[in-house]
file query_38.cif (mmCIF, N, CA and C atoms and all ligand atoms)
data_target
loop_
_atom_site.label_atom_id
_atom_site.label_comp_id
_atom_site.auth_asym_id
_atom_site.auth_seq_id
_atom_site.Cartn_x
_atom_site.Cartn_y
_atom_site.Cartn_z
N MET A 592 82.35 -51.56 -43.76
CA MET A 592 82.73 -50.89 -42.52
C MET A 592 84.20 -51.15 -42.22
N PHE A 593 84.62 -52.41 -42.41
CA PHE A 593 86.02 -52.75 -42.16
C PHE A 593 86.72 -53.09 -43.46
N CYS A 594 88.00 -52.84 -43.50
CA CYS A 594 88.74 -53.09 -44.73
C CYS A 594 89.31 -54.51 -44.76
N PHE A 595 89.18 -55.24 -43.64
CA PHE A 595 89.62 -56.64 -43.53
C PHE A 595 91.14 -56.81 -43.63
N THR A 596 91.84 -55.75 -43.35
CA THR A 596 93.29 -55.86 -43.23
C THR A 596 93.61 -56.65 -41.97
N VAL A 597 94.53 -57.59 -42.07
CA VAL A 597 94.93 -58.36 -40.88
C VAL A 597 95.92 -57.53 -40.08
N ASN A 598 95.53 -57.24 -38.84
CA ASN A 598 96.36 -56.43 -37.97
C ASN A 598 96.86 -57.24 -36.78
N LEU A 599 97.87 -56.76 -36.14
CA LEU A 599 98.37 -57.37 -34.91
C LEU A 599 97.30 -57.26 -33.84
N LYS A 600 97.22 -58.28 -33.00
CA LYS A 600 96.20 -58.32 -31.96
C LYS A 600 96.30 -57.12 -31.02
N GLU A 601 97.52 -56.69 -30.74
CA GLU A 601 97.70 -55.60 -29.78
C GLU A 601 97.38 -54.23 -30.36
N ASN A 602 97.17 -54.16 -31.66
CA ASN A 602 96.82 -52.88 -32.28
C ASN A 602 95.39 -52.49 -31.94
N ASP A 603 95.20 -51.25 -31.57
CA ASP A 603 93.86 -50.75 -31.31
C ASP A 603 93.21 -50.26 -32.60
N TYR A 604 94.05 -49.84 -33.52
CA TYR A 604 93.55 -49.28 -34.77
C TYR A 604 94.17 -50.01 -35.95
N CYS A 605 93.42 -50.10 -37.02
CA CYS A 605 93.92 -50.73 -38.24
C CYS A 605 95.08 -49.90 -38.78
N ASN A 606 96.16 -50.59 -39.14
CA ASN A 606 97.31 -49.82 -39.63
C ASN A 606 97.16 -49.41 -41.09
N LYS A 607 96.09 -49.86 -41.73
CA LYS A 607 95.85 -49.46 -43.12
C LYS A 607 94.88 -48.29 -43.22
N CYS A 608 93.70 -48.46 -42.59
CA CYS A 608 92.67 -47.42 -42.73
C CYS A 608 92.51 -46.58 -41.46
N GLY A 609 93.16 -46.99 -40.37
CA GLY A 609 93.11 -46.20 -39.14
C GLY A 609 91.84 -46.36 -38.34
N LYS A 610 90.98 -47.30 -38.74
CA LYS A 610 89.73 -47.51 -38.01
C LYS A 610 90.00 -48.36 -36.77
N PRO A 611 89.22 -48.12 -35.70
CA PRO A 611 89.42 -48.93 -34.51
C PRO A 611 89.04 -50.39 -34.78
N LEU A 612 89.83 -51.32 -34.24
CA LEU A 612 89.56 -52.74 -34.47
C LEU A 612 88.52 -53.25 -33.50
N ASN A 613 88.35 -52.54 -32.43
CA ASN A 613 87.39 -52.91 -31.41
C ASN A 613 86.02 -52.30 -31.75
N ILE A 614 84.99 -53.15 -31.81
CA ILE A 614 83.65 -52.69 -32.20
C ILE A 614 83.13 -51.63 -31.23
N GLU A 615 83.33 -51.87 -29.94
CA GLU A 615 82.85 -50.90 -28.94
C GLU A 615 83.50 -49.53 -29.16
N GLN A 616 84.77 -49.58 -29.44
CA GLN A 616 85.52 -48.35 -29.68
C GLN A 616 84.95 -47.62 -30.91
N LEU A 617 84.62 -48.40 -31.92
CA LEU A 617 84.07 -47.84 -33.15
C LEU A 617 82.74 -47.16 -32.88
N LYS A 618 81.91 -47.81 -32.07
CA LYS A 618 80.60 -47.25 -31.73
C LYS A 618 80.77 -45.93 -30.99
N VAL A 619 81.72 -45.91 -30.06
CA VAL A 619 81.97 -44.68 -29.29
C VAL A 619 82.41 -43.57 -30.23
N MET A 620 83.27 -43.92 -31.16
CA MET A 620 83.77 -42.92 -32.12
C MET A 620 82.66 -42.39 -33.01
N GLU A 621 81.75 -43.30 -33.41
CA GLU A 621 80.63 -42.88 -34.27
C GLU A 621 79.72 -41.93 -33.51
N LYS A 622 79.46 -42.25 -32.25
CA LYS A 622 78.62 -41.38 -31.41
C LYS A 622 79.26 -40.01 -31.27
N LYS A 623 80.56 -40.02 -31.05
CA LYS A 623 81.30 -38.78 -30.88
C LYS A 623 81.23 -37.95 -32.17
N ALA A 624 81.38 -38.62 -33.30
CA ALA A 624 81.34 -37.95 -34.59
C ALA A 624 79.96 -37.33 -34.82
N GLU A 625 78.93 -38.09 -34.39
CA GLU A 625 77.56 -37.61 -34.53
C GLU A 625 77.36 -36.33 -33.72
N ARG A 626 77.86 -36.36 -32.49
CA ARG A 626 77.76 -35.20 -31.61
C ARG A 626 78.53 -34.02 -32.20
N MET A 627 79.68 -34.32 -32.76
CA MET A 627 80.49 -33.27 -33.37
C MET A 627 79.75 -32.62 -34.53
N ASN A 628 79.05 -33.46 -35.31
CA ASN A 628 78.29 -32.94 -36.44
C ASN A 628 77.19 -32.00 -35.97
N ILE A 629 76.51 -32.39 -34.90
CA ILE A 629 75.43 -31.56 -34.35
C ILE A 629 76.02 -30.24 -33.86
N LEU A 630 77.12 -30.34 -33.12
CA LEU A 630 77.79 -29.13 -32.62
C LEU A 630 78.24 -28.25 -33.77
N HIS A 631 78.76 -28.89 -34.79
CA HIS A 631 79.25 -28.18 -35.95
C HIS A 631 78.12 -27.40 -36.62
N GLU A 632 76.96 -28.08 -36.75
CA GLU A 632 75.81 -27.43 -37.37
C GLU A 632 75.31 -26.26 -36.54
N MET A 633 75.26 -26.48 -35.21
CA MET A 633 74.82 -25.41 -34.31
C MET A 633 75.76 -24.21 -34.41
N LEU A 634 77.04 -24.52 -34.40
CA LEU A 634 78.06 -23.47 -34.48
C LEU A 634 77.93 -22.71 -35.79
N GLN A 635 77.72 -23.46 -36.85
CA GLN A 635 77.59 -22.84 -38.17
C GLN A 635 76.41 -21.89 -38.23
N GLN A 636 75.29 -22.33 -37.64
CA GLN A 636 74.09 -21.49 -37.64
C GLN A 636 74.33 -20.21 -36.84
N GLU A 637 74.98 -20.38 -35.68
CA GLU A 637 75.28 -19.22 -34.84
C GLU A 637 76.18 -18.23 -35.56
N LEU A 638 77.20 -18.78 -36.22
CA LEU A 638 78.16 -17.92 -36.90
C LEU A 638 77.52 -17.23 -38.11
N GLU A 639 76.64 -17.96 -38.78
CA GLU A 639 75.96 -17.38 -39.94
C GLU A 639 75.10 -16.20 -39.51
N LYS A 640 74.47 -16.34 -38.34
CA LYS A 640 73.67 -15.26 -37.79
C LYS A 640 74.52 -14.01 -37.57
N LYS A 641 75.77 -14.27 -37.16
CA LYS A 641 76.70 -13.17 -36.88
C LYS A 641 77.45 -12.74 -38.14
N GLY A 642 77.19 -13.45 -39.23
CA GLY A 642 77.84 -13.10 -40.49
C GLY A 642 79.28 -13.56 -40.59
N VAL A 643 79.61 -14.64 -39.86
CA VAL A 643 80.98 -15.17 -39.90
C VAL A 643 81.01 -16.37 -40.85
N ASP A 644 82.05 -16.43 -41.65
CA ASP A 644 82.20 -17.54 -42.59
C ASP A 644 82.95 -18.68 -41.92
N LEU A 645 82.21 -19.76 -41.60
CA LEU A 645 82.82 -20.89 -40.89
C LEU A 645 83.91 -21.57 -41.71
N ALA A 646 83.70 -21.66 -43.01
CA ALA A 646 84.70 -22.29 -43.87
C ALA A 646 86.06 -21.61 -43.73
N GLU A 647 86.00 -20.31 -43.56
CA GLU A 647 87.23 -19.53 -43.41
C GLU A 647 87.92 -19.88 -42.08
N ILE A 648 87.13 -20.02 -41.03
CA ILE A 648 87.66 -20.37 -39.71
C ILE A 648 88.27 -21.78 -39.74
N VAL A 649 87.57 -22.70 -40.38
CA VAL A 649 88.05 -24.09 -40.49
C VAL A 649 89.39 -24.10 -41.21
N LYS A 650 89.51 -23.28 -42.22
CA LYS A 650 90.75 -23.20 -42.99
C LYS A 650 91.89 -22.71 -42.10
N ILE A 651 91.61 -21.71 -41.29
CA ILE A 651 92.62 -21.15 -40.39
C ILE A 651 93.03 -22.19 -39.34
N MET A 652 92.02 -22.91 -38.80
CA MET A 652 92.29 -23.94 -37.80
C MET A 652 93.14 -25.06 -38.39
N ALA A 653 92.84 -25.44 -39.63
CA ALA A 653 93.60 -26.49 -40.29
C ALA A 653 95.05 -26.08 -40.50
N LEU A 654 95.26 -24.83 -40.79
CA LEU A 654 96.61 -24.30 -40.99
C LEU A 654 97.39 -24.33 -39.69
N LYS A 655 96.71 -23.97 -38.59
CA LYS A 655 97.36 -23.96 -37.28
C LYS A 655 97.77 -25.36 -36.85
N ARG A 656 96.94 -26.36 -37.23
CA ARG A 656 97.19 -27.74 -36.84
C ARG A 656 98.45 -28.29 -37.50
N ASN A 657 98.75 -27.81 -38.69
CA ASN A 657 99.90 -28.35 -39.43
C ASN A 657 101.24 -27.74 -38.98
ZN ZN B 1 91.49 -51.17 -41.96
#
call {"tool": "encode", "arguments": {"input": "query_38.cif", "output": "structure tokens", "more": "lines below"}}
Ligand SMILES: [Zn+2]
result
Amino acid sequence: MFCFTVNLKENDYCNKCGKPLNIEQLKVMEKKAERMNILHEMLQQELEKKGVDLAEIVKIMALKRN
């Protein structure tokens, strides 16, 4: 779960792997990721019903982010 990189105490996230150093924070992030996965699946099903290719949308969103 952790890479065991020694980080500064004031860091919230590991400077090597980017994971939160605080366990509570990690749990919150995991819960959020879980919810995102559920939302993602629901969205995918909805879009598939409408005949929309989600992979294509994700690609467009990724391009916009950069
Ligand atoms: Zn790390």
call {"tool": "atom_distance", "arguments": {"input": "query_38.cif", "atom1": "atom C of A:Met627", "atom2": "atom C of A:Asn613"}}
result
20.8 Å
call {"tool": "closest_atom_pairs", "arguments": {"input": "query_38.cif", "of": "chain A", "to": "ligand ZN 1 (chain B)", "cutoff": "7 Å", "atoms": "only C-alpha atoms and all ligand atoms", "output": "CSV"}}
result
residue,atom,partner,partner_atom,distance
A:Phe593,CA,B:ZN1,ZN,5.7
A:Cys594,CA,B:ZN1,ZN,4.3
A:Phe595,CA,B:ZN1,ZN,6.0
A:Thr596,CA,B:ZN1,ZN,5.2
A:Cys605,CA,B:ZN1,ZN,4.5
A:Asn606,CA,B:ZN1,ZN,6.4
A:Lys607,CA,B:ZN1,ZN,4.8
A:Cys608,CA,B:ZN1,ZN,4.0
A:Gly609,CA,B:ZN1,ZN,5.9
A:Lys610,CA,B:ZN1,ZN,5.7
call {"tool": "write_last_selection", "arguments": {"input": "query_38.cif", "atoms": "N, CA and C atoms", "output": "CSV table (one decimal), keeping the file's coordinate frame"}}
result
chain,number,residue,atom,x,y,z
A,593,PHE,N,84.6,-52.4,-42.4
A,593,PHE,CA,86.0,-52.8,-42.2
A,593,PHE,C,86.7,-53.1,-43.5
A,594,CYS,N,88.0,-52.8,-43.5
A,594,CYS,CA,88.7,-53.1,-44.7
A,594,CYS,C,89.3,-54.5,-44.8
A,595,PHE,N,89.2,-55.2,-43.6
A,595,PHE,CA,89.6,-56.6,-43.5
A,595,PHE,C,91.1,-56.8,-43.6
A,596,THR,N,91.8,-55.8,-43.4
A,596,THR,CA,93.3,-55.9,-43.2
A,596,THR,C,93.6,-56.6,-42.0
A,605,CYS,N,93.4,-50.1,-37.0
A,605,CYS,CA,93.9,-50.7,-38.2
A,605,CYS,C,95.1,-49.9,-38.8
A,606,ASN,N,96.2,-50.6,-39.1
A,606,ASN,CA,97.3,-49.8,-39.6
A,606,ASN,C,97.2,-49.4,-41.1
A,607,LYS,N,96.1,-49.9,-41.7
A,607,LYS,CA,95.8,-49.5,-43.1
A,607,LYS,C,94.9,-48.3,-43.2
A,608,CYS,N,93.7,-48.5,-42.6
A,608,CYS,CA,92.7,-47.4,-42.7
A,608,CYS,C,92.5,-46.6,-41.5
A,609,GLY,N,93.2,-47.0,-40.4
A,609,GLY,CA,93.1,-46.2,-39.1
A,609,GLY,C,91.8,-46.4,-38.3
A,610,LYS,N,91.0,-47.3,-38.7
A,610,LYS,CA,89.7,-47.5,-38.0
A,610,LYS,C,90.0,-48.4,-36.8
call {"tool": "atom_distance", "arguments": {"input": "query_38.cif", "atom1": "atom CA of A:Gln635", "atom2": "atom CA of A:Glu621"}}
result
20.6 Å
call {"tool": "select_by_dssp", "arguments": {"input": "query_38.cif", "residues": "chain A", "states": "helix (DSSP H, G or I)", "output": "PyMOL selection string"}}
result
chain A and resi 614-640+645-656
call {"tool": "atom_distance", "arguments": {"input": "query_38.cif", "atom1": "atom N of A:Gln616", "atom2": "atom CA of A:Leu630"}}
result
21.8 Å
call {"tool": "axis_aligned_box", "arguments": {"input": "query_38.cif", "around": "stretch 613-617 of chain A", "padding_each_side": "6 Å", "output": "AutoDock Vina command-line options"}}
result
--center_x 85.5 --center_y -50.2 --center_z -31.0 --size_x 17.6 --size_y 18.0 --size_z 16.2
